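Below is protein-v1.cif, which holds mmCIF, N, CA, C and O atoms.
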data_my_file
#
loop_
_atom_site.label_atom_id
_atom_site.label_comp_id
_atom_site.auth_asym_id
_atom_site.auth_seq_id
_atom_site.Cartn_x
_atom_site.Cartn_y
_atom_site.Cartn_z
N MET A 19 -91.04 109.53 42.75
CA MET A 19 -90.66 108.28 43.38
C MET A 19 -90.24 107.30 42.28
O MET A 19 -90.85 107.24 41.22
N TYR A 20 -89.19 106.55 42.57
CA TYR A 20 -88.67 105.56 41.64
C TYR A 20 -88.38 104.29 42.44
O TYR A 20 -87.78 104.35 43.51
N ILE A 21 -88.80 103.17 41.93
CA ILE A 21 -88.76 101.92 42.68
C ILE A 21 -87.81 100.92 42.03
O ILE A 21 -87.84 100.71 40.82
N LEU A 22 -87.00 100.29 42.87
CA LEU A 22 -86.20 99.14 42.46
C LEU A 22 -86.81 97.92 43.13
O LEU A 22 -86.93 97.87 44.36
N SER A 23 -87.25 96.97 42.32
CA SER A 23 -87.76 95.72 42.88
C SER A 23 -86.74 94.61 42.63
O SER A 23 -86.08 94.58 41.59
N ILE A 24 -86.61 93.75 43.62
CA ILE A 24 -85.67 92.64 43.54
C ILE A 24 -86.42 91.39 43.96
O ILE A 24 -86.90 91.30 45.09
N THR A 25 -86.56 90.43 43.05
CA THR A 25 -87.22 89.18 43.38
C THR A 25 -86.21 88.05 43.34
O THR A 25 -85.28 88.05 42.54
N TYR A 26 -86.41 87.11 44.24
CA TYR A 26 -85.51 85.97 44.38
C TYR A 26 -86.29 84.71 44.03
O TYR A 26 -86.99 84.16 44.88
N PRO A 27 -86.21 84.23 42.77
CA PRO A 27 -86.98 83.06 42.33
C PRO A 27 -86.61 81.81 43.11
O PRO A 27 -85.45 81.59 43.45
N LYS A 28 -87.61 81.01 43.38
CA LYS A 28 -87.41 79.77 44.14
C LYS A 28 -87.45 78.58 43.19
O LYS A 28 -88.27 78.53 42.28
N SER A 29 -86.55 77.63 43.42
CA SER A 29 -86.57 76.38 42.66
C SER A 29 -86.23 75.25 43.62
O SER A 29 -85.82 75.48 44.76
N ALA A 30 -86.37 74.04 43.16
CA ALA A 30 -86.18 72.86 44.02
C ALA A 30 -84.77 72.79 44.60
O ALA A 30 -84.59 72.35 45.73
N ASP A 31 -83.78 73.24 43.85
CA ASP A 31 -82.39 73.10 44.32
C ASP A 31 -81.78 74.41 44.82
O ASP A 31 -80.57 74.50 44.99
N SER A 32 -82.60 75.42 45.08
CA SER A 32 -82.08 76.71 45.52
C SER A 32 -82.22 76.87 47.03
O SER A 32 -82.98 76.15 47.68
N SER A 33 -81.47 77.84 47.57
CA SER A 33 -81.54 78.10 49.01
C SER A 33 -81.53 79.59 49.27
O SER A 33 -81.10 80.39 48.43
N PHE A 34 -82.00 79.96 50.45
CA PHE A 34 -82.08 81.37 50.84
C PHE A 34 -81.97 81.43 52.36
O PHE A 34 -82.78 80.83 53.07
N ASP A 35 -80.98 82.15 52.87
CA ASP A 35 -80.76 82.28 54.31
C ASP A 35 -81.41 83.57 54.80
O ASP A 35 -80.82 84.65 54.73
N PHE A 36 -82.64 83.45 55.31
CA PHE A 36 -83.38 84.63 55.75
C PHE A 36 -82.73 85.30 56.95
O PHE A 36 -82.82 86.52 57.11
N ASP A 37 -82.07 84.55 57.82
CA ASP A 37 -81.42 85.15 58.98
C ASP A 37 -80.32 86.11 58.54
O ASP A 37 -80.24 87.25 59.01
N TYR A 38 -79.46 85.67 57.63
CA TYR A 38 -78.39 86.54 57.12
C TYR A 38 -78.99 87.72 56.37
O TYR A 38 -78.57 88.87 56.55
N PHE A 39 -79.98 87.45 55.54
CA PHE A 39 -80.64 88.49 54.75
C PHE A 39 -81.17 89.60 55.66
O PHE A 39 -80.94 90.78 55.43
N ARG A 40 -81.87 89.20 56.71
CA ARG A 40 -82.51 90.16 57.62
C ARG A 40 -81.51 90.86 58.53
O ARG A 40 -81.60 92.06 58.74
N SER A 41 -80.55 90.12 59.07
CA SER A 41 -79.66 90.71 60.07
C SER A 41 -78.43 91.42 59.49
O SER A 41 -77.89 92.32 60.13
N THR A 42 -78.01 91.04 58.29
CA THR A 42 -76.78 91.60 57.73
C THR A 42 -77.03 92.36 56.42
O THR A 42 -76.63 93.52 56.29
N HIS A 43 -77.68 91.72 55.46
CA HIS A 43 -77.81 92.34 54.13
C HIS A 43 -78.74 93.56 54.15
O HIS A 43 -78.37 94.62 53.61
N LEU A 44 -79.92 93.43 54.73
CA LEU A 44 -80.86 94.56 54.71
C LEU A 44 -80.33 95.79 55.43
O LEU A 44 -80.48 96.91 54.89
N PRO A 45 -79.72 95.66 56.60
CA PRO A 45 -79.14 96.86 57.21
C PRO A 45 -78.06 97.50 56.33
O PRO A 45 -77.95 98.73 56.28
N ALA A 46 -77.29 96.69 55.63
CA ALA A 46 -76.27 97.22 54.72
C ALA A 46 -76.91 97.97 53.56
O ALA A 46 -76.39 98.99 53.11
N VAL A 47 -78.04 97.47 53.07
CA VAL A 47 -78.77 98.17 51.99
C VAL A 47 -79.19 99.55 52.47
O VAL A 47 -78.99 100.55 51.78
N GLY A 48 -79.78 99.62 53.65
CA GLY A 48 -80.22 100.90 54.19
C GLY A 48 -79.08 101.89 54.34
O GLY A 48 -79.18 103.06 53.94
N LYS A 49 -77.98 101.44 54.89
CA LYS A 49 -76.82 102.30 55.10
C LYS A 49 -76.21 102.76 53.78
O LYS A 49 -75.86 103.93 53.61
N ALA A 50 -76.10 101.85 52.83
CA ALA A 50 -75.45 102.16 51.55
C ALA A 50 -76.31 103.06 50.66
O ALA A 50 -75.78 103.95 49.98
N PHE A 51 -77.62 102.85 50.66
CA PHE A 51 -78.48 103.55 49.72
C PHE A 51 -79.15 104.81 50.27
O PHE A 51 -79.68 105.61 49.50
N LYS A 52 -79.11 105.02 51.57
CA LYS A 52 -79.72 106.22 52.14
C LYS A 52 -79.16 107.51 51.53
O LYS A 52 -79.92 108.42 51.19
N PRO A 53 -77.83 107.61 51.34
CA PRO A 53 -77.29 108.84 50.73
C PRO A 53 -77.76 109.07 49.29
O PRO A 53 -77.65 110.18 48.77
N PHE A 54 -78.30 108.04 48.65
CA PHE A 54 -78.79 108.17 47.28
C PHE A 54 -80.29 108.45 47.23
O PHE A 54 -80.90 108.42 46.17
N GLY A 55 -80.91 108.67 48.40
CA GLY A 55 -82.32 109.02 48.43
C GLY A 55 -83.26 107.86 48.70
O GLY A 55 -84.46 107.96 48.42
N LEU A 56 -82.74 106.77 49.27
CA LEU A 56 -83.63 105.67 49.63
C LEU A 56 -84.62 106.16 50.68
O LEU A 56 -84.23 106.67 51.73
N GLY A 57 -85.90 106.01 50.37
CA GLY A 57 -86.95 106.45 51.28
C GLY A 57 -87.40 105.33 52.20
O GLY A 57 -87.51 105.49 53.40
N TYR A 58 -87.69 104.18 51.60
CA TYR A 58 -88.09 103.03 52.41
C TYR A 58 -87.74 101.75 51.69
O TYR A 58 -87.55 101.72 50.48
N ALA A 59 -87.67 100.70 52.48
CA ALA A 59 -87.47 99.36 51.95
C ALA A 59 -88.55 98.46 52.54
O ALA A 59 -88.85 98.55 53.72
N SER A 60 -89.13 97.65 51.70
CA SER A 60 -90.15 96.71 52.14
C SER A 60 -89.78 95.33 51.60
O SER A 60 -89.37 95.20 50.46
N VAL A 61 -89.90 94.33 52.46
CA VAL A 61 -89.57 92.97 52.05
C VAL A 61 -90.79 92.09 52.25
O VAL A 61 -91.41 92.10 53.31
N LEU A 62 -91.12 91.34 51.22
CA LEU A 62 -92.22 90.39 51.27
C LEU A 62 -91.64 88.98 51.19
O LEU A 62 -90.92 88.67 50.25
N ARG A 63 -91.94 88.16 52.17
CA ARG A 63 -91.46 86.78 52.16
C ARG A 63 -92.52 85.90 51.51
O ARG A 63 -93.68 85.91 51.91
N GLY A 64 -92.12 85.15 50.48
CA GLY A 64 -93.05 84.26 49.79
C GLY A 64 -93.51 83.15 50.73
O GLY A 64 -92.69 82.50 51.37
N GLU A 65 -94.81 82.96 50.83
CA GLU A 65 -95.36 81.94 51.72
C GLU A 65 -96.04 80.80 50.96
O GLU A 65 -95.80 79.65 51.24
N GLU A 66 -96.89 81.17 50.02
CA GLU A 66 -97.69 80.13 49.35
C GLU A 66 -98.34 80.72 48.09
O GLU A 66 -98.71 81.89 48.07
N MET A 67 -98.46 79.91 47.07
CA MET A 67 -99.16 80.33 45.86
C MET A 67 -100.66 80.38 46.15
O MET A 67 -101.15 79.68 47.04
N LEU A 68 -101.35 81.21 45.43
CA LEU A 68 -102.79 81.25 45.55
C LEU A 68 -103.34 79.87 45.21
O LEU A 68 -102.97 79.29 44.19
N GLY A 69 -104.12 79.29 46.06
CA GLY A 69 -104.63 77.95 45.83
C GLY A 69 -103.72 76.87 46.40
O GLY A 69 -103.98 75.68 46.24
N GLY A 70 -102.62 77.28 47.03
CA GLY A 70 -101.71 76.31 47.65
C GLY A 70 -100.47 76.10 46.81
O GLY A 70 -100.35 76.53 45.68
N GLY A 71 -99.51 75.43 47.39
CA GLY A 71 -98.27 75.12 46.70
C GLY A 71 -97.15 76.07 47.07
O GLY A 71 -97.38 77.13 47.65
N GLU A 72 -95.95 75.65 46.73
CA GLU A 72 -94.76 76.43 47.04
C GLU A 72 -94.80 77.80 46.34
O GLU A 72 -95.25 77.90 45.20
N PRO A 73 -94.29 78.83 47.01
CA PRO A 73 -94.26 80.15 46.37
C PRO A 73 -93.26 80.19 45.22
O PRO A 73 -92.30 79.42 45.19
N ALA A 74 -93.48 81.08 44.29
CA ALA A 74 -92.59 81.23 43.14
C ALA A 74 -91.30 81.96 43.53
O ALA A 74 -90.27 81.81 42.88
N TYR A 75 -91.35 82.74 44.62
CA TYR A 75 -90.21 83.54 45.04
C TYR A 75 -89.95 83.35 46.53
O TYR A 75 -90.88 83.26 47.31
N PHE A 76 -88.66 83.31 46.90
CA PHE A 76 -88.30 83.33 48.31
C PHE A 76 -88.75 84.65 48.92
O PHE A 76 -89.33 84.69 50.00
N ALA A 77 -88.43 85.74 48.21
CA ALA A 77 -88.72 87.08 48.72
C ALA A 77 -88.79 88.07 47.58
O ALA A 77 -88.23 87.85 46.50
N THR A 78 -89.48 89.18 47.85
CA THR A 78 -89.51 90.33 46.96
C THR A 78 -89.14 91.54 47.79
O THR A 78 -89.73 91.77 48.85
N THR A 79 -88.17 92.30 47.32
CA THR A 79 -87.74 93.51 48.02
C THR A 79 -88.14 94.71 47.18
O THR A 79 -87.92 94.73 45.97
N ILE A 80 -88.73 95.71 47.84
CA ILE A 80 -89.14 96.94 47.18
C ILE A 80 -88.33 98.08 47.80
O ILE A 80 -88.41 98.31 49.01
N LEU A 81 -87.53 98.76 46.99
CA LEU A 81 -86.74 99.89 47.46
C LEU A 81 -87.24 101.15 46.76
O LEU A 81 -87.23 101.24 45.54
N SER A 82 -87.68 102.11 47.55
CA SER A 82 -88.23 103.35 47.02
C SER A 82 -87.21 104.48 47.14
O SER A 82 -86.71 104.76 48.23
N PHE A 83 -86.93 105.11 46.02
CA PHE A 83 -85.99 106.23 45.98
C PHE A 83 -86.74 107.51 45.62
O PHE A 83 -87.76 107.47 44.92
N ALA A 84 -86.20 108.65 46.05
CA ALA A 84 -86.81 109.93 45.75
C ALA A 84 -86.79 110.23 44.26
O ALA A 84 -87.73 110.83 43.72
N THR A 85 -85.70 109.81 43.57
CA THR A 85 -85.56 110.12 42.15
C THR A 85 -85.01 108.92 41.38
O THR A 85 -84.37 108.03 41.95
N GLU A 86 -85.24 108.95 40.10
CA GLU A 86 -84.67 107.92 39.22
C GLU A 86 -83.14 107.98 39.25
O GLU A 86 -82.46 106.96 39.33
N GLU A 87 -82.60 109.18 39.21
CA GLU A 87 -81.15 109.35 39.22
C GLU A 87 -80.54 108.74 40.49
O GLU A 87 -79.52 108.05 40.44
N GLY A 88 -81.18 108.95 41.62
CA GLY A 88 -80.69 108.39 42.87
C GLY A 88 -80.68 106.88 42.84
O GLY A 88 -79.70 106.24 43.27
N ALA A 89 -81.75 106.27 42.34
CA ALA A 89 -81.84 104.81 42.26
C ALA A 89 -80.76 104.25 41.35
O ALA A 89 -80.06 103.28 41.72
N ARG A 90 -80.60 104.84 40.20
CA ARG A 90 -79.61 104.33 39.25
C ARG A 90 -78.18 104.54 39.77
O ARG A 90 -77.33 103.67 39.61
N ASN A 91 -77.94 105.67 40.40
CA ASN A 91 -76.62 105.93 40.97
C ASN A 91 -76.32 104.99 42.14
O ASN A 91 -75.18 104.56 42.31
N ALA A 92 -77.33 104.66 42.93
CA ALA A 92 -77.14 103.74 44.05
C ALA A 92 -76.69 102.38 43.56
O ALA A 92 -75.71 101.80 44.06
N VAL A 93 -77.36 101.86 42.55
CA VAL A 93 -77.03 100.54 42.02
C VAL A 93 -75.63 100.54 41.38
O VAL A 93 -74.88 99.58 41.52
N ALA A 94 -75.27 101.62 40.71
CA ALA A 94 -73.99 101.71 40.01
C ALA A 94 -72.82 102.05 40.94
O ALA A 94 -71.66 101.89 40.54
N SER A 95 -73.10 102.47 42.14
CA SER A 95 -72.06 102.90 43.07
C SER A 95 -71.22 101.71 43.56
O SER A 95 -71.60 100.55 43.42
N ASP A 96 -70.08 102.03 44.16
CA ASP A 96 -69.25 100.99 44.78
C ASP A 96 -70.03 100.25 45.85
O ASP A 96 -69.92 99.03 45.99
N GLU A 97 -70.86 100.98 46.60
CA GLU A 97 -71.69 100.37 47.63
C GLU A 97 -72.69 99.40 47.02
O GLU A 97 -72.93 98.31 47.54
N GLY A 98 -73.30 99.81 45.91
CA GLY A 98 -74.25 98.94 45.21
C GLY A 98 -73.58 97.68 44.69
O GLY A 98 -74.15 96.59 44.78
N LYS A 99 -72.39 97.82 44.18
CA LYS A 99 -71.64 96.65 43.68
C LYS A 99 -71.27 95.72 44.84
O LYS A 99 -71.33 94.49 44.69
N ALA A 100 -70.91 96.28 45.98
CA ALA A 100 -70.60 95.46 47.15
C ALA A 100 -71.85 94.69 47.62
O ALA A 100 -71.76 93.51 47.99
N LEU A 101 -73.00 95.34 47.59
CA LEU A 101 -74.25 94.66 47.96
C LEU A 101 -74.57 93.53 46.98
O LEU A 101 -75.01 92.46 47.39
N ALA A 102 -74.33 93.77 45.70
CA ALA A 102 -74.56 92.73 44.70
C ALA A 102 -73.64 91.53 44.96
O ALA A 102 -74.07 90.37 44.84
N ASN A 103 -72.42 91.80 45.35
CA ASN A 103 -71.49 90.71 45.67
C ASN A 103 -71.89 89.95 46.93
O ASN A 103 -71.59 88.77 47.08
N ASP A 104 -72.59 90.63 47.83
CA ASP A 104 -73.02 90.01 49.08
C ASP A 104 -74.15 89.01 48.88
O ASP A 104 -74.39 88.15 49.74
N ILE A 105 -74.84 89.08 47.78
CA ILE A 105 -75.99 88.20 47.52
C ILE A 105 -75.60 86.72 47.65
O ILE A 105 -76.37 85.92 48.19
N ALA A 106 -74.42 86.38 47.21
CA ALA A 106 -73.96 84.98 47.30
C ALA A 106 -73.85 84.49 48.73
O ALA A 106 -73.80 83.28 48.97
N ASN A 107 -73.82 85.40 49.70
CA ASN A 107 -73.73 85.01 51.11
C ASN A 107 -75.06 84.54 51.69
O ASN A 107 -75.09 83.99 52.78
N PHE A 108 -76.18 84.78 50.96
CA PHE A 108 -77.46 84.35 51.52
C PHE A 108 -78.36 83.58 50.55
O PHE A 108 -79.38 83.03 50.97
N THR A 109 -77.99 83.49 49.29
CA THR A 109 -78.83 82.72 48.37
C THR A 109 -78.02 82.15 47.21
O THR A 109 -76.98 82.69 46.84
N THR A 110 -78.54 81.07 46.65
CA THR A 110 -77.92 80.45 45.48
C THR A 110 -78.59 80.90 44.19
O THR A 110 -78.17 80.48 43.12
N VAL A 111 -79.62 81.72 44.28
CA VAL A 111 -80.34 82.15 43.08
C VAL A 111 -79.82 83.49 42.58
O VAL A 111 -79.25 84.27 43.34
N THR A 112 -80.03 83.74 41.31
CA THR A 112 -79.74 85.05 40.73
C THR A 112 -81.02 85.88 40.82
O THR A 112 -82.05 85.50 40.25
N PRO A 113 -80.98 86.98 41.56
CA PRO A 113 -82.19 87.78 41.69
C PRO A 113 -82.54 88.49 40.39
O PRO A 113 -81.68 88.74 39.55
N VAL A 114 -83.82 88.78 40.26
CA VAL A 114 -84.33 89.55 39.13
C VAL A 114 -84.52 90.98 39.64
O VAL A 114 -85.31 91.22 40.55
N MET A 115 -83.77 91.92 39.07
CA MET A 115 -83.82 93.32 39.50
C MET A 115 -84.45 94.15 38.40
O MET A 115 -84.10 94.00 37.24
N GLN A 116 -85.34 95.04 38.82
CA GLN A 116 -86.09 95.82 37.84
C GLN A 116 -86.38 97.21 38.39
O GLN A 116 -86.76 97.36 39.55
N PHE A 117 -86.18 98.24 37.57
CA PHE A 117 -86.60 99.59 37.91
C PHE A 117 -88.08 99.73 37.56
O PHE A 117 -88.54 99.21 36.54
N ASN A 118 -88.80 100.48 38.38
CA ASN A 118 -90.25 100.62 38.22
C ASN A 118 -90.70 102.05 38.54
O ASN A 118 -90.04 102.73 39.32
N THR A 119 -91.81 102.45 37.97
CA THR A 119 -92.47 103.69 38.36
C THR A 119 -93.89 103.37 38.80
O THR A 119 -94.54 102.49 38.22
N PRO A 120 -94.38 104.06 39.82
CA PRO A 120 -95.74 103.82 40.27
C PRO A 120 -96.76 104.26 39.22
O PRO A 120 -96.55 105.26 38.54
N VAL A 121 -97.83 103.52 39.12
CA VAL A 121 -98.90 103.85 38.17
C VAL A 121 -99.94 104.74 38.84
O VAL A 121 -100.48 105.65 38.24
N ALA A 122 -100.23 104.45 40.07
CA ALA A 122 -101.24 105.23 40.80
C ALA A 122 -100.79 105.49 42.20
O ALA A 122 -99.94 104.88 42.74
#

Mind converting the file's structure to structure tokens?
Amino acid sequence: MYILSITYPKSADSSFDFDYFRSTHLPAVGKAFKPFGLGYASVLRGEEMLGGGEPAYFATTILSFATEEGARNAVASDEGKALANDIANFTTVTPVMQFNTPVA
């Protein structure tokens, strides 16, 4: 299993359209990345910092792929590039994308 995590940092002057993200972007992710071995996608919506206060991130997306090669090929594909271009349609922030491996 190989994981791509995508976090969307929150700041005072940033915005994030959850309706577009949920109804348009996420279904496109599933369709585009399934042929590359996408197993599941999980999205966490930032609600509140521990102890109160605004969350540090609008959202965190976890994409699980069967193999490292599949994950890297998905991101590098034309479909992956189109998804990256779509980000501007729902947020003003630059997401932080990171490849990960499970520890346990």

Based on DSSP run over this structure's backbone, return all residues of chain A in strand (DSSP E or B), as number ranges by chain.
A: 20-27, 34, 56-63, 75-83, 109, 114-118

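Counting only N, CA, C and O atoms and comparing A:Ser95, A:Tyr75, A:Thr110, A:Ala89, the residue that lies closest to Thr25 of chain A is A:Tyr75.
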
Please identify all polymer residues within 6 Å of segment 32-46 of chain A, counting only C-alpha atoms, omitting same-chain residues fewer than 2 positions from it, and present them as a list in words.
Ser29, Ala30, Gly48, Lys49, Ala50, Phe108, Thr109 and Thr110 of chain A

Which residues come within 8 Å of segment 51-65 of chain A, counting only C-alpha atoms, excluding same-chain residues fewer than 6 positions away, as an mmCIF file with N, CA, C and O atoms, in the frame of the given file?
data_model
loop_
_atom_site.group_PDB
_atom_site.id
_atom_site.type_symbol
_atom_site.label_atom_id
_atom_site.label_comp_id
_atom_site.auth_asym_id
_atom_site.auth_seq_id
_atom_site.Cartn_x
_atom_site.Cartn_y
_atom_site.Cartn_z
ATOM 1 N N GLU A 72 -95.950 75.650 46.730
ATOM 2 C CA GLU A 72 -94.760 76.430 47.040
ATOM 3 C C GLU A 72 -94.800 77.800 46.340
ATOM 4 O O GLU A 72 -95.250 77.900 45.200
ATOM 5 N N PRO A 73 -94.290 78.830 47.010
ATOM 6 C CA PRO A 73 -94.260 80.150 46.370
ATOM 7 C C PRO A 73 -93.260 80.190 45.220
ATOM 8 O O PRO A 73 -92.300 79.420 45.190
ATOM 9 N N ALA A 74 -93.480 81.080 44.290
ATOM 10 C CA ALA A 74 -92.590 81.230 43.140
ATOM 11 C C ALA A 74 -91.300 81.960 43.530
ATOM 12 O O ALA A 74 -90.270 81.810 42.880
ATOM 13 N N TYR A 75 -91.350 82.740 44.620
ATOM 14 C CA TYR A 75 -90.210 83.540 45.040
ATOM 15 C C TYR A 75 -89.950 83.350 46.530
ATOM 16 O O TYR A 75 -90.880 83.260 47.310
ATOM 17 N N PHE A 76 -88.660 83.310 46.900
ATOM 18 C CA PHE A 76 -88.300 83.330 48.310
ATOM 19 C C PHE A 76 -88.750 84.650 48.920
ATOM 20 O O PHE A 76 -89.330 84.690 50.000
ATOM 21 N N ALA A 77 -88.430 85.740 48.210
ATOM 22 C CA ALA A 77 -88.720 87.080 48.720
ATOM 23 C C ALA A 77 -88.790 88.070 47.580
ATOM 24 O O ALA A 77 -88.230 87.850 46.500
ATOM 25 N N THR A 78 -89.480 89.180 47.850
ATOM 26 C CA THR A 78 -89.510 90.330 46.960
ATOM 27 C C THR A 78 -89.140 91.540 47.790
ATOM 28 O O THR A 78 -89.730 91.770 48.850
ATOM 29 N N THR A 79 -88.170 92.300 47.320
ATOM 30 C CA THR A 79 -87.740 93.510 48.020
ATOM 31 C C THR A 79 -88.140 94.710 47.180
ATOM 32 O O THR A 79 -87.920 94.730 45.970
ATOM 33 N N ILE A 80 -88.730 95.710 47.840
ATOM 34 C CA ILE A 80 -89.140 96.940 47.180
ATOM 35 C C ILE A 80 -88.330 98.080 47.800
ATOM 36 O O ILE A 80 -88.410 98.310 49.010
ATOM 37 N N LEU A 81 -87.530 98.760 46.990
ATOM 38 C CA LEU A 81 -86.740 99.890 47.460
ATOM 39 C C LEU A 81 -87.240 101.150 46.760
ATOM 40 O O LEU A 81 -87.230 101.240 45.540
ATOM 41 N N SER A 82 -87.680 102.110 47.550
ATOM 42 C CA SER A 82 -88.230 103.350 47.020
ATOM 43 C C SER A 82 -87.210 104.480 47.140
ATOM 44 O O SER A 82 -86.710 104.760 48.230
ATOM 45 N N PHE A 83 -86.930 105.110 46.020
ATOM 46 C CA PHE A 83 -85.990 106.230 45.980
ATOM 47 C C PHE A 83 -86.740 107.510 45.620
ATOM 48 O O PHE A 83 -87.760 107.470 44.920
ATOM 49 N N ALA A 84 -86.200 108.650 46.050
ATOM 50 C CA ALA A 84 -86.810 109.930 45.750
ATOM 51 C C ALA A 84 -86.790 110.230 44.260
ATOM 52 O O ALA A 84 -87.730 110.830 43.720
ATOM 53 N N THR A 85 -85.700 109.810 43.570
ATOM 54 C CA THR A 85 -85.560 110.120 42.150
ATOM 55 C C THR A 85 -85.010 108.920 41.380
ATOM 56 O O THR A 85 -84.370 108.030 41.950
ATOM 57 N N GLY A 88 -81.180 108.950 41.620
ATOM 58 C CA GLY A 88 -80.690 108.390 42.870
ATOM 59 C C GLY A 88 -80.680 106.880 42.840
ATOM 60 O O GLY A 88 -79.700 106.240 43.270
ATOM 61 N N ALA A 89 -81.750 106.270 42.340
ATOM 62 C CA ALA A 89 -81.840 104.810 42.260
ATOM 63 C C ALA A 89 -80.760 104.250 41.350
ATOM 64 O O ALA A 89 -80.060 103.280 41.720
ATOM 65 N N ASN A 91 -77.940 105.670 40.400
ATOM 66 C CA ASN A 91 -76.620 105.930 40.970
ATOM 67 C C ASN A 91 -76.320 104.990 42.140
ATOM 68 O O ASN A 91 -75.180 104.560 42.310
ATOM 69 N N ALA A 92 -77.330 104.660 42.930
ATOM 70 C CA ALA A 92 -77.140 103.740 44.050
ATOM 71 C C ALA A 92 -76.690 102.380 43.560
ATOM 72 O O ALA A 92 -75.710 101.800 44.060
ATOM 73 N N GLU A 97 -70.860 100.980 46.600
ATOM 74 C CA GLU A 97 -71.690 100.370 47.630
ATOM 75 C C GLU A 97 -72.690 99.400 47.020
ATOM 76 O O GLU A 97 -72.930 98.310 47.540
ATOM 77 N N GLY A 98 -73.300 99.810 45.910
ATOM 78 C CA GLY A 98 -74.250 98.940 45.210
ATOM 79 C C GLY A 98 -73.580 97.680 44.690
ATOM 80 O O GLY A 98 -74.150 96.590 44.780
#

Excluding Phe117 of chain A and its own-chain neighbours fewer than 6 positions away, which residues fall within 7 Å of it when counting all atoms listed in the file? Please give them as a PDB file with N, CA, C and O atoms, keeping the file's coordinate frame.
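Listed below is the output, selection.pdb:
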ATOM      1  N   TYR A  20     -89.190 106.550  42.570  1.00  0.00           N
ATOM      2  CA  TYR A  20     -88.670 105.560  41.640  1.00  0.00           C
ATOM      3  C   TYR A  20     -88.380 104.290  42.440  1.00  0.00           C
ATOM      4  O   TYR A  20     -87.780 104.350  43.510  1.00  0.00           O
ATOM      5  N   ILE A  21     -88.800 103.170  41.930  1.00  0.00           N
ATOM      6  CA  ILE A  21     -88.760 101.920  42.680  1.00  0.00           C
ATOM      7  C   ILE A  21     -87.810 100.920  42.030  1.00  0.00           C
ATOM      8  O   ILE A  21     -87.840 100.710  40.820  1.00  0.00           O
ATOM      9  N   LEU A  22     -87.000 100.290  42.870  1.00  0.00           N
ATOM     10  CA  LEU A  22     -86.200  99.140  42.460  1.00  0.00           C
ATOM     11  C   LEU A  22     -86.810  97.920  43.130  1.00  0.00           C
ATOM     12  O   LEU A  22     -86.930  97.870  44.360  1.00  0.00           O
ATOM     13  N   SER A  23     -87.250  96.970  42.320  1.00  0.00           N
ATOM     14  CA  SER A  23     -87.760  95.720  42.880  1.00  0.00           C
ATOM     15  C   SER A  23     -86.740  94.610  42.630  1.00  0.00           C
ATOM     16  O   SER A  23     -86.080  94.580  41.590  1.00  0.00           O
TER      17      SER A  23
END

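The spacing separating atom C of Ile24 of chain A from atom C of Val114 of chain A amounts to 4.7 Å.
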
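A straight line drawn from atom CA of Asn118 of chain A to atom CA of Tyr26 of chain A is 16.6 Å long.
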
Adding 4 Å on each side of the box along x, y and z that holds all listed atoms of segment 92-101 of chain A, could you give its centre and edge lengths in Å to one decimal, as AutoDock Vina command-line options?
--center_x -73.3 --center_y 98.6 --center_z 44.0 --size_x 16.1 --size_y 20.2 --size_z 16.0

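Nearest residue to Thr119 of chain A, choosing from A:Val47, A:Met19, A:Val93, A:Ala102 and counting all atoms listed in the file: A:Met19.
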
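Here atom N of Lys28 of chain A stands at a distance of 11.4 Å from atom C of Gly71 of chain A.
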